[in-house]
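Participant: So here's run_8.tsv (TSV, C-alpha atoms).
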```tsv
chain	number	residue	atom	x	y	z
V	1	MET	CA	104.21	81.14	131.69
V	2	SER	CA	104.69	79.65	135.13
V	3	THR	CA	104.07	81.74	138.21
V	4	GLN	CA	106.39	82.04	141.16
V	5	ARG	CA	103.92	79.99	143.24
V	6	GLU	CA	104.08	77.18	140.70
V	7	GLY	CA	107.88	77.32	140.81
V	8	TRP	CA	108.04	76.56	144.52
V	9	THR	CA	109.51	73.25	145.52
V	10	ALA	CA	108.27	71.15	148.41
V	11	ALA	CA	111.18	72.35	150.51
V	12	ASP	CA	110.20	75.98	149.90
V	13	LYS	CA	106.64	75.55	151.11
V	14	PRO	CA	105.93	76.27	154.80
V	15	ALA	CA	105.73	73.12	156.86
V	16	ALA	CA	102.35	72.17	158.28
V	17	PRO	CA	102.13	72.46	162.05
V	18	ASP	CA	102.76	69.24	163.92
V	19	PRO	CA	99.49	68.35	165.71
V	20	SER	CA	101.44	66.42	168.34
V	21	VAL	CA	103.18	69.59	169.52
V	22	GLU	CA	101.08	71.84	171.76
V	23	PRO	CA	101.63	75.54	171.06
V	24	ALA	CA	103.16	77.51	173.90
V	25	SER	CA	100.68	79.60	175.82
V	26	GLU	CA	101.58	83.27	176.08
V	27	THR	CA	99.32	83.73	179.05
V	28	THR	CA	100.83	81.02	181.26
V	29	VAL	CA	101.97	82.50	184.57
V	30	PRO	CA	104.69	80.62	186.51
V	31	LEU	CA	103.55	79.48	189.93
V	32	LEU	CA	106.83	80.52	191.56
V	33	ASN	CA	106.71	84.26	190.87
V	34	ILE	CA	107.60	87.24	193.05
V	35	ALA	CA	103.99	87.86	194.10
V	36	ASN	CA	103.48	84.29	195.31
V	37	ILE	CA	106.90	84.27	196.99
V	38	LEU	CA	105.91	87.33	199.03
V	39	THR	CA	102.66	85.60	199.99
V	40	ILE	CA	104.59	82.55	201.20
V	41	LEU	CA	106.99	84.85	203.08
V	42	ARG	CA	104.04	86.40	204.89
V	43	ILE	CA	102.95	82.96	206.05
V	44	LEU	CA	106.47	82.15	207.27
V	45	LEU	CA	106.61	85.38	209.26
V	46	VAL	CA	103.58	84.39	211.35
V	47	PRO	CA	105.45	82.04	213.75
V	48	VAL	CA	108.31	84.55	213.94
V	49	PHE	CA	105.85	87.24	214.99
V	50	LEU	CA	104.32	85.01	217.69
V	51	VAL	CA	107.70	84.10	219.15
V	52	VAL	CA	108.71	87.75	219.39
V	53	LEU	CA	105.33	88.78	220.80
V	54	PHE	CA	105.58	86.35	223.73
V	55	VAL	CA	109.18	87.05	224.70
V	56	GLY	CA	109.30	87.68	228.43
V	57	ASP	CA	105.88	88.56	229.77
V	58	GLY	CA	104.66	89.86	226.41
V	59	HIS	CA	104.59	93.47	227.59
V	60	SER	CA	108.21	94.50	227.26
V	61	THR	CA	108.35	97.81	225.40
V	62	THR	CA	111.33	96.76	223.31
V	63	TRP	CA	109.90	93.38	222.29
V	64	ARG	CA	106.46	94.82	221.61
V	65	LEU	CA	108.05	97.30	219.23
V	66	ILE	CA	109.92	94.47	217.53
V	67	ALA	CA	106.72	92.42	217.31
V	68	THR	CA	104.94	95.42	215.81
V	69	GLY	CA	107.74	95.77	213.27
V	70	VAL	CA	107.54	92.11	212.23
V	71	PHE	CA	103.76	92.40	211.95
V	72	ALA	CA	104.11	95.56	209.85
V	73	VAL	CA	106.62	93.94	207.46
V	74	ALA	CA	104.33	90.94	207.00
V	75	ALA	CA	101.32	93.21	206.43
V	76	ILE	CA	103.21	95.34	203.89
V	77	THR	CA	103.95	92.25	201.78
V	78	ASP	CA	100.20	91.89	201.32
V	79	ARG	CA	100.06	95.30	199.67
V	80	ILE	CA	103.15	94.70	197.56
V	81	ASP	CA	102.31	91.22	196.27
V	82	GLY	CA	98.87	92.35	195.14
V	83	GLN	CA	100.29	95.34	193.26
V	84	LEU	CA	102.98	93.23	191.59
V	85	ALA	CA	100.49	90.53	190.60
V	86	ARG	CA	98.18	93.03	188.92
V	87	LYS	CA	100.88	95.21	187.35
V	88	TYR	CA	102.92	92.40	185.80
V	89	GLY	CA	100.14	89.92	185.13
V	90	LEU	CA	101.26	87.46	187.82
V	91	VAL	CA	97.77	86.60	189.04
V	92	THR	CA	97.39	82.85	189.62
V	93	ASP	CA	94.73	80.65	191.20
V	94	PHE	CA	97.28	79.78	193.89
V	95	GLY	CA	97.75	83.47	194.65
V	96	LYS	CA	93.99	84.12	194.75
V	97	LEU	CA	93.62	81.36	197.31
V	98	ALA	CA	96.88	81.68	199.28
V	99	ASP	CA	96.82	85.47	199.63
V	100	PRO	CA	93.67	85.69	201.78
V	101	ILE	CA	94.76	82.60	203.73
V	102	ALA	CA	98.08	84.31	204.53
V	103	ASP	CA	96.17	87.38	205.68
V	104	LYS	CA	93.93	85.29	207.92
V	105	ALA	CA	96.90	83.45	209.43
V	106	LEU	CA	98.65	86.73	210.30
V	107	ILE	CA	95.53	88.47	211.59
V	108	GLY	CA	94.37	85.41	213.53
V	109	ALA	CA	97.76	84.90	215.18
V	110	ALA	CA	97.88	88.53	216.26
V	111	LEU	CA	94.34	88.52	217.66
V	112	VAL	CA	94.84	85.29	219.61
V	113	GLY	CA	98.19	86.53	220.91
V	114	LEU	CA	96.71	89.83	222.10
V	115	SER	CA	93.80	88.03	223.77
V	116	ILE	CA	96.12	85.60	225.56
V	117	LEU	CA	98.09	88.58	226.86
V	118	GLY	CA	94.87	90.18	228.08
V	119	ASP	CA	95.12	93.18	225.75
V	120	LEU	CA	92.07	92.35	223.62
V	121	PRO	CA	88.68	90.89	224.64
V	122	TRP	CA	88.24	87.26	223.56
V	123	TRP	CA	84.83	87.97	222.00
V	124	VAL	CA	86.48	90.22	219.40
V	125	THR	CA	88.93	87.47	218.51
V	126	ALA	CA	86.10	84.92	218.40
V	127	VAL	CA	83.91	86.97	216.03
V	128	ILE	CA	86.74	87.66	213.60
V	129	ALA	CA	88.15	84.11	213.83
V	130	VAL	CA	84.77	82.46	213.17
V	131	ARG	CA	84.18	84.70	210.16
V	132	GLU	CA	87.66	84.13	208.71
V	133	LEU	CA	87.55	80.37	209.26
V	134	GLY	CA	84.06	80.15	207.79
V	135	ILE	CA	85.00	82.10	204.67
V	136	THR	CA	88.13	79.99	204.19
V	137	LEU	CA	86.07	76.79	204.35
V	138	LEU	CA	83.58	78.36	201.98
V	139	ARG	CA	86.35	79.13	199.49
V	140	PHE	CA	87.47	75.50	199.54
V	141	ALA	CA	83.86	74.30	199.18
V	142	VAL	CA	83.41	76.18	195.89
V	143	LEU	CA	87.00	75.75	194.72
V	144	ARG	CA	86.17	73.08	192.13
V	145	HIS	CA	83.75	75.48	190.48
V	146	ALA	CA	85.65	78.76	190.77
V	147	VAL	CA	88.00	80.77	192.95
V	148	ILE	CA	86.40	83.66	194.82
V	149	PRO	CA	89.13	86.32	194.95
V	150	ALA	CA	89.37	88.91	197.69
V	151	GLY	CA	87.19	91.87	196.72
V	152	ARG	CA	87.56	95.53	197.57
V	153	GLY	CA	85.48	95.12	200.70
V	154	GLY	CA	87.68	92.26	201.85
V	155	LYS	CA	90.82	94.28	201.22
V	156	LEU	CA	89.40	97.24	203.16
V	157	LYS	CA	88.47	94.91	206.00
V	158	THR	CA	91.99	93.51	206.10
V	159	LEU	CA	93.48	97.02	206.05
V	160	VAL	CA	91.34	98.22	208.97
V	161	GLN	CA	92.05	95.02	210.92
V	162	THR	CA	95.77	95.50	210.33
V	163	ILE	CA	95.72	99.12	211.51
V	164	ALA	CA	93.66	98.24	214.59
V	165	ILE	CA	95.93	95.33	215.53
V	166	GLY	CA	99.04	97.44	214.96
V	167	TYR	CA	97.57	100.03	217.31
V	168	TYR	CA	96.98	97.39	220.00
V	169	LEU	CA	100.48	95.98	219.53
V	170	LEU	CA	102.19	99.30	220.13
V	171	PRO	CA	103.21	99.90	223.78
V	172	LEU	CA	101.19	103.11	224.05
V	173	PRO	CA	100.68	104.90	227.38
V	174	GLU	CA	97.30	105.01	229.11
V	175	GLY	CA	94.72	107.35	227.62
V	176	PHE	CA	94.81	105.97	224.07
V	177	GLU	CA	92.24	103.20	224.64
V	178	VAL	CA	89.31	105.02	222.99
V	179	ALA	CA	91.03	105.25	219.62
V	180	GLY	CA	91.83	101.55	219.83
V	181	TRP	CA	88.22	100.66	220.58
V	182	ILE	CA	87.01	102.73	217.61
V	183	LEU	CA	89.48	101.12	215.22
V	184	MET	CA	88.73	97.59	216.41
V	185	GLY	CA	84.98	98.27	216.36
V	186	ALA	CA	85.25	99.33	212.71
V	187	ALA	CA	87.30	96.21	211.98
V	188	VAL	CA	84.67	93.93	213.55
V	189	LEU	CA	81.85	95.65	211.63
V	190	LEU	CA	83.66	95.29	208.29
V	191	THR	CA	84.50	91.69	209.14
V	192	VAL	CA	80.84	90.78	209.58
V	193	VAL	CA	79.55	92.76	206.58
V	194	THR	CA	82.13	91.43	204.12
V	195	GLY	CA	81.61	87.92	205.47
V	196	LEU	CA	77.94	88.10	204.55
V	197	ASP	CA	78.91	89.40	201.10
V	198	TYR	CA	81.15	86.36	200.48
V	199	VAL	CA	78.30	84.06	201.49
V	200	VAL	CA	76.03	85.75	198.95
V	201	GLN	CA	78.70	85.35	196.25
V	202	ALA	CA	79.10	81.66	197.06
V	203	VAL	CA	75.33	81.05	196.99
V	204	ARG	CA	75.01	82.80	193.63
V	205	LEU	CA	77.95	80.84	192.25
V	206	ARG	CA	76.48	77.56	193.43
V	207	ALA	CA	73.05	78.46	192.04
V	208	GLY	CA	74.65	79.27	188.68
V	209	VAL	CA	76.44	75.92	188.63
V	210	HIS	CA	73.20	74.07	189.41
V	211	LYS	CA	71.44	75.94	186.59
V	212	VAL	CA	74.16	75.04	184.07
V	213	GLU	CA	74.13	71.40	185.18
V	214	ALA	CA	70.33	71.28	184.92
V	215	ASN	CA	70.39	72.78	181.42
V	216	ALA	CA	73.05	70.31	180.37
V	217	SER	CA	71.08	67.33	181.66
V	218	THR	CA	67.91	68.44	179.84
V	219	GLY	CA	69.76	69.40	176.67
V	220	ALA	CA	68.58	73.01	176.90
```
Go ahead and express the file in the form of structure tokens.
Facilitator:
Amino acid sequence: MSTQREGWTAADKPAAPDPSVEPASETTVPLLNIANILTILRILLVPVFLVVLFVGDGHSTTWRLIATGVFAVAAITDRIDGQLARKYGLVTDFGKLADPIADKALIGAALVGLSILGDLPWWVTAVIAVRELGITLLRFAVLRHAVIPAGRGGKLKTLVQTIAIGYYLLPLPEGFEVAGWILMGAAVLLTVVTGLDYVVQAVRLRAGVHKVEANASTGA
């Protein structure tokens, strides 16, 4: 008595997978997604912010409010793109790298602009700029091994910097300087501390790579 399996014809049997066809990856994230678009938008808003900030003598109440608004919109996109990327699985290596760069471009432009206008001491801008530039170069230096994403400390640092800069951008009357100094002082402190943390991460990453390469060369 023949079984049903024995009664199958060649046409009935499932076809073997074609080795020349690569199976579609379910985890592939498109580069052009809403989170990355918002990151790019933040970068594009930087020159717009600078133009508005320097209209007239840079101290017009109306234009300072507009500049603050542009800065706030750009800063809000940082919050939104991160939430969207995590919620909908849109995290990409481009986003991990471009997101902090966009933050640095916005923060750096605001600090330099405020210092040029005489509203912020140049040493504050210098400390933050050196840290941000150094960490960006550090990210590129270890990029071929891994991407160091922005951690919680980095996000907190960016948040405090944003609040402090927004405070300095607002055309507030005299008597509010102390609060501004406190906010900016906290921003500078977080900038230095988180910068050191990134350096430690990069050193550990590089040490791990050297260890793996050494083990591979010795066959361990």
Participant: Skip Ala129 of chain V itself and residues of its chain fewer than 2 positions away, then list as a ChimeraX atom specification all residues within 10 Å of it, counting all atoms listed in the file.
Facilitator: /V:104-105,107-109,111-112,123-127,131-135,191
Participant: One number please: atom CA of Leu41 of chain V to atom CA of Leu106 of chain V, in Å, one decimal.
Facilitator: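 Answer for the atom CA of Leu41 of chain V to atom CA of Leu106 of chain V separation: 11.2 Å.
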Participant: Given the choices V:Arg204, V:Arg42, V:Asp57, V:Val193, which gets closest to Ile116 of chain V if the distance is worked out from all atoms listed in the file?
Facilitator: V:Asp57
Participant: Got a sec: who's within 7 Å of Leu170 of chain V, counting all atoms listed in the file, leaving out chain neighbours fewer than 3 positions off, as a list in words?
Facilitator: Arg64, Leu65, Thr68, Gly166 and Tyr167 of chain V
Participant: Hey, which of V:Ile76, V:Ala102, V:Leu31, V:Leu138 ends up closest to Leu196 of chain V? Count all atoms listed in the file.
Facilitator: V:Leu138
Participant: Measure the distance from atom CA of Gly95 of chain V to atom CA of Asp197 of chain V in Å and round it to one decimal.
Facilitator: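 Here the two named atoms are 20.8 Å from each other.
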Participant: Please list as a short mmCIF file (atom, residue, chain, number, x, y, z; two decimals) with C-alpha atoms, keeping the file's coordinate frame every residue within 12 Å of Lys155 of chain V, counting only C-alpha atoms and excluding residues in the same chain fewer than 6 positions away.
Facilitator:
```cif
data_model
loop_
_atom_site.label_atom_id
_atom_site.label_comp_id
_atom_site.auth_asym_id
_atom_site.auth_seq_id
_atom_site.Cartn_x
_atom_site.Cartn_y
_atom_site.Cartn_z
CA ALA V 75 101.32 93.21 206.43
CA ASP V 78 100.20 91.89 201.32
CA ARG V 79 100.06 95.30 199.67
CA GLY V 82 98.87 92.35 195.14
CA ASP V 99 96.82 85.47 199.63
CA PRO V 100 93.67 85.69 201.78
CA ASP V 103 96.17 87.38 205.68
CA LYS V 104 93.93 85.29 207.92
CA PRO V 149 89.13 86.32 194.95
CA GLN V 161 92.05 95.02 210.92
CA THR V 162 95.77 95.50 210.33
CA ALA V 187 87.30 96.21 211.98
CA LEU V 190 83.66 95.29 208.29
CA THR V 191 84.50 91.69 209.14
CA THR V 194 82.13 91.43 204.12
CA GLY V 195 81.61 87.92 205.47
#
```
Participant: Quick one: residues within 10 Å of Asn33 of chain V, all atoms listed in the file counted, chain neighbours fewer than 6 positions away excluded, as a PyMOL selection string?
Facilitator: chain V and resi 81+84-85+90-92+95
Participant: Could you tell me how far atom CA of Leu114 of chain V sits from atom CA of Thr62 of chain V, in Å to one decimal place?
Facilitator: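 Taking atom CA of Thr62 of chain V as the start and atom CA of Leu114 of chain V as the end point, the length is 16.2 Å.
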Participant: To test the calculation: enclose all listed atoms of segment 78-88 of chain V in a box whose edges run along x, y and z, add 8 Å on each side, then state centre and edge lengths in Å to one decimal, as lines of an AutoDock Vina configuration file.
Facilitator:
```
center_x = 100.7
center_y = 92.9
center_z = 193.6
size_x = 21.0
size_y = 20.8
size_z = 31.5
```
Participant: Of the residues V:Ala35, V:Val178, V:Ile101, V:Leu169, which is the one nearest to Val52 of chain V, using all atoms listed in the file?
Facilitator: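 For Val52 of chain V, the nearest of the given residues is V:Leu169.
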Participant: Can you list, as a list in words, every protein, DNA or RNA residue that comes within 10 Å of Ala67 of chain V when you count all atoms listed in the file, leaving out same-chain residues fewer than 6 positions away?
Facilitator: Val48, Phe49, Leu50, Val51, Val52, Leu53, Phe54, Val55, Gly58, Thr61, Val73, Ala110, Gly166, Leu169 and Leu170 of chain V
Participant: Out of V:Gln83, V:Ser60, V:Thr158, V:Thr39, which residue has the shortest atom-to-atom distance to Leu189 of chain V when counting all atoms listed in the file?
Facilitator: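 Of the candidates, the smallest distance to Leu189 of chain V is held by V:Thr158.
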Participant: So, counting all atoms listed in the file, which residue among V:Ile37, V:Ile163, V:Ile128, V:Ile66 is closest to Val192 of chain V?
Facilitator: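 Of all the options, V:Ile128 lies closest to Val192 of chain V.
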Participant: Since the input is missing atoms, can you rebuild N, CA and C atoms for segment 105-132 of chain V and write them as a PDB file, keeping the file's coordinate frame?
Facilitator:
```
ATOM      1  N   ALA V 105      95.935  84.039 208.497  1.00  0.00           N
ATOM      2  CA  ALA V 105      96.900  83.450 209.430  1.00  0.00           C
ATOM      3  C   ALA V 105      97.573  84.539 210.256  1.00  0.00           C
ATOM      4  N   LEU V 106      97.978  85.631 209.600  1.00  0.00           N
ATOM      5  CA  LEU V 106      98.650  86.730 210.300  1.00  0.00           C
ATOM      6  C   LEU V 106      97.699  87.432 211.257  1.00  0.00           C
ATOM      7  N   ILE V 107      96.510  87.775 210.759  1.00  0.00           N
ATOM      8  CA  ILE V 107      95.530  88.470 211.590  1.00  0.00           C
ATOM      9  C   ILE V 107      95.100  87.594 212.759  1.00  0.00           C
ATOM     10  N   GLY V 108      94.819  86.331 212.472  1.00  0.00           N
ATOM     11  CA  GLY V 108      94.370  85.410 213.530  1.00  0.00           C
ATOM     12  C   GLY V 108      95.417  85.230 214.609  1.00  0.00           C
ATOM     13  N   ALA V 109      96.676  85.073 214.205  1.00  0.00           N
ATOM     14  CA  ALA V 109      97.760  84.900 215.180  1.00  0.00           C
ATOM     15  C   ALA V 109      97.877  86.127 216.069  1.00  0.00           C
ATOM     16  N   ALA V 110      97.767  87.303 215.482  1.00  0.00           N
ATOM     17  CA  ALA V 110      97.880  88.530 216.260  1.00  0.00           C
ATOM     18  C   ALA V 110      96.723  88.678 217.238  1.00  0.00           C
ATOM     19  N   LEU V 111      95.507  88.391 216.782  1.00  0.00           N
ATOM     20  CA  LEU V 111      94.340  88.520 217.660  1.00  0.00           C
ATOM     21  C   LEU V 111      94.410  87.546 218.827  1.00  0.00           C
ATOM     22  N   VAL V 112      94.742  86.289 218.541  1.00  0.00           N
ATOM     23  CA  VAL V 112      94.840  85.290 219.610  1.00  0.00           C
ATOM     24  C   VAL V 112      95.952  85.675 220.588  1.00  0.00           C
ATOM     25  N   GLY V 113      97.082  86.131 220.054  1.00  0.00           N
ATOM     26  CA  GLY V 113      98.190  86.530 220.910  1.00  0.00           C
ATOM     27  C   GLY V 113      97.808  87.674 221.829  1.00  0.00           C
ATOM     28  N   LEU V 114      97.122  88.678 221.289  1.00  0.00           N
ATOM     29  CA  LEU V 114      96.710  89.830 222.100  1.00  0.00           C
ATOM     30  C   LEU V 114      95.682  89.418 223.151  1.00  0.00           C
ATOM     31  N   SER V 115      94.805  88.491 222.803  1.00  0.00           N
ATOM     32  CA  SER V 115      93.800  88.030 223.770  1.00  0.00           C
ATOM     33  C   SER V 115      94.447  87.218 224.889  1.00  0.00           C
ATOM     34  N   ILE V 116      95.418  86.376 224.546  1.00  0.00           N
ATOM     35  CA  ILE V 116      96.120  85.600 225.560  1.00  0.00           C
ATOM     36  C   ILE V 116      96.837  86.528 226.544  1.00  0.00           C
ATOM     37  N   LEU V 117      97.383  87.619 226.015  1.00  0.00           N
ATOM     38  CA  LEU V 117      98.090  88.580 226.860  1.00  0.00           C
ATOM     39  C   LEU V 117      97.145  89.488 227.637  1.00  0.00           C
ATOM     40  N   GLY V 118      95.843  89.376 227.359  1.00  0.00           N
ATOM     41  CA  GLY V 118      94.870  90.180 228.080  1.00  0.00           C
ATOM     42  C   GLY V 118      94.693  91.585 227.525  1.00  0.00           C
ATOM     43  N   ASP V 119      95.213  91.845 226.328  1.00  0.00           N
ATOM     44  CA  ASP V 119      95.120  93.180 225.750  1.00  0.00           C
ATOM     45  C   ASP V 119      93.886  93.378 224.877  1.00  0.00           C
ATOM     46  N   LEU V 120      93.224  92.279 224.507  1.00  0.00           N
ATOM     47  CA  LEU V 120      92.070  92.350 223.620  1.00  0.00           C
ATOM     48  C   LEU V 120      91.005  91.369 224.108  1.00  0.00           C
ATOM     49  N   PRO V 121      89.738  91.799 224.192  1.00  0.00           N
ATOM     50  CA  PRO V 121      88.680  90.890 224.640  1.00  0.00           C
ATOM     51  C   PRO V 121      88.572  89.655 223.729  1.00  0.00           C
ATOM     52  N   TRP V 122      88.322  88.506 224.334  1.00  0.00           N
ATOM     53  CA  TRP V 122      88.240  87.260 223.560  1.00  0.00           C
ATOM     54  C   TRP V 122      87.064  87.263 222.582  1.00  0.00           C
ATOM     55  N   TRP V 123      85.982  88.000 222.902  1.00  0.00           N
ATOM     56  CA  TRP V 123      84.830  87.970 222.000  1.00  0.00           C
ATOM     57  C   TRP V 123      85.170  88.606 220.658  1.00  0.00           C
ATOM     58  N   VAL V 124      86.055  89.600 220.667  1.00  0.00           N
ATOM     59  CA  VAL V 124      86.480  90.220 219.400  1.00  0.00           C
ATOM     60  C   VAL V 124      87.243  89.194 218.567  1.00  0.00           C
ATOM     61  N   THR V 125      88.169  88.506 219.198  1.00  0.00           N
ATOM     62  CA  THR V 125      88.930  87.470 218.510  1.00  0.00           C
ATOM     63  C   THR V 125      88.016  86.376 217.988  1.00  0.00           C
ATOM     64  N   ALA V 126      87.018  85.999 218.795  1.00  0.00           N
ATOM     65  CA  ALA V 126      86.100  84.920 218.400  1.00  0.00           C
ATOM     66  C   ALA V 126      85.280  85.310 217.177  1.00  0.00           C
ATOM     67  N   VAL V 127      84.733  86.518 217.164  1.00  0.00           N
ATOM     68  CA  VAL V 127      83.910  86.970 216.030  1.00  0.00           C
ATOM     69  C   VAL V 127      84.724  86.977 214.748  1.00  0.00           C
ATOM     70  N   ILE V 128      85.907  87.569 214.805  1.00  0.00           N
ATOM     71  CA  ILE V 128      86.740  87.660 213.600  1.00  0.00           C
ATOM     72  C   ILE V 128      87.226  86.278 213.182  1.00  0.00           C
ATOM     73  N   ALA V 129      87.622  85.442 214.154  1.00  0.00           N
ATOM     74  CA  ALA V 129      88.150  84.110 213.830  1.00  0.00           C
ATOM     75  C   ALA V 129      87.077  83.237 213.183  1.00  0.00           C
ATOM     76  N   VAL V 130      85.859  83.270 213.728  1.00  0.00           N
ATOM     77  CA  VAL V 130      84.770  82.460 213.170  1.00  0.00           C
ATOM     78  C   VAL V 130      84.472  82.897 211.740  1.00  0.00           C
ATOM     79  N   ARG V 131      84.442  84.200 211.514  1.00  0.00           N
ATOM     80  CA  ARG V 131      84.180  84.700 210.160  1.00  0.00           C
ATOM     81  C   ARG V 131      85.273  84.259 209.209  1.00  0.00           C
ATOM     82  N   GLU V 132      86.543  84.440 209.597  1.00  0.00           N
ATOM     83  CA  GLU V 132      87.660  84.130 208.710  1.00  0.00           C
ATOM     84  C   GLU V 132      87.725  82.630 208.408  1.00  0.00           C
TER      85      GLU V 132
END
```
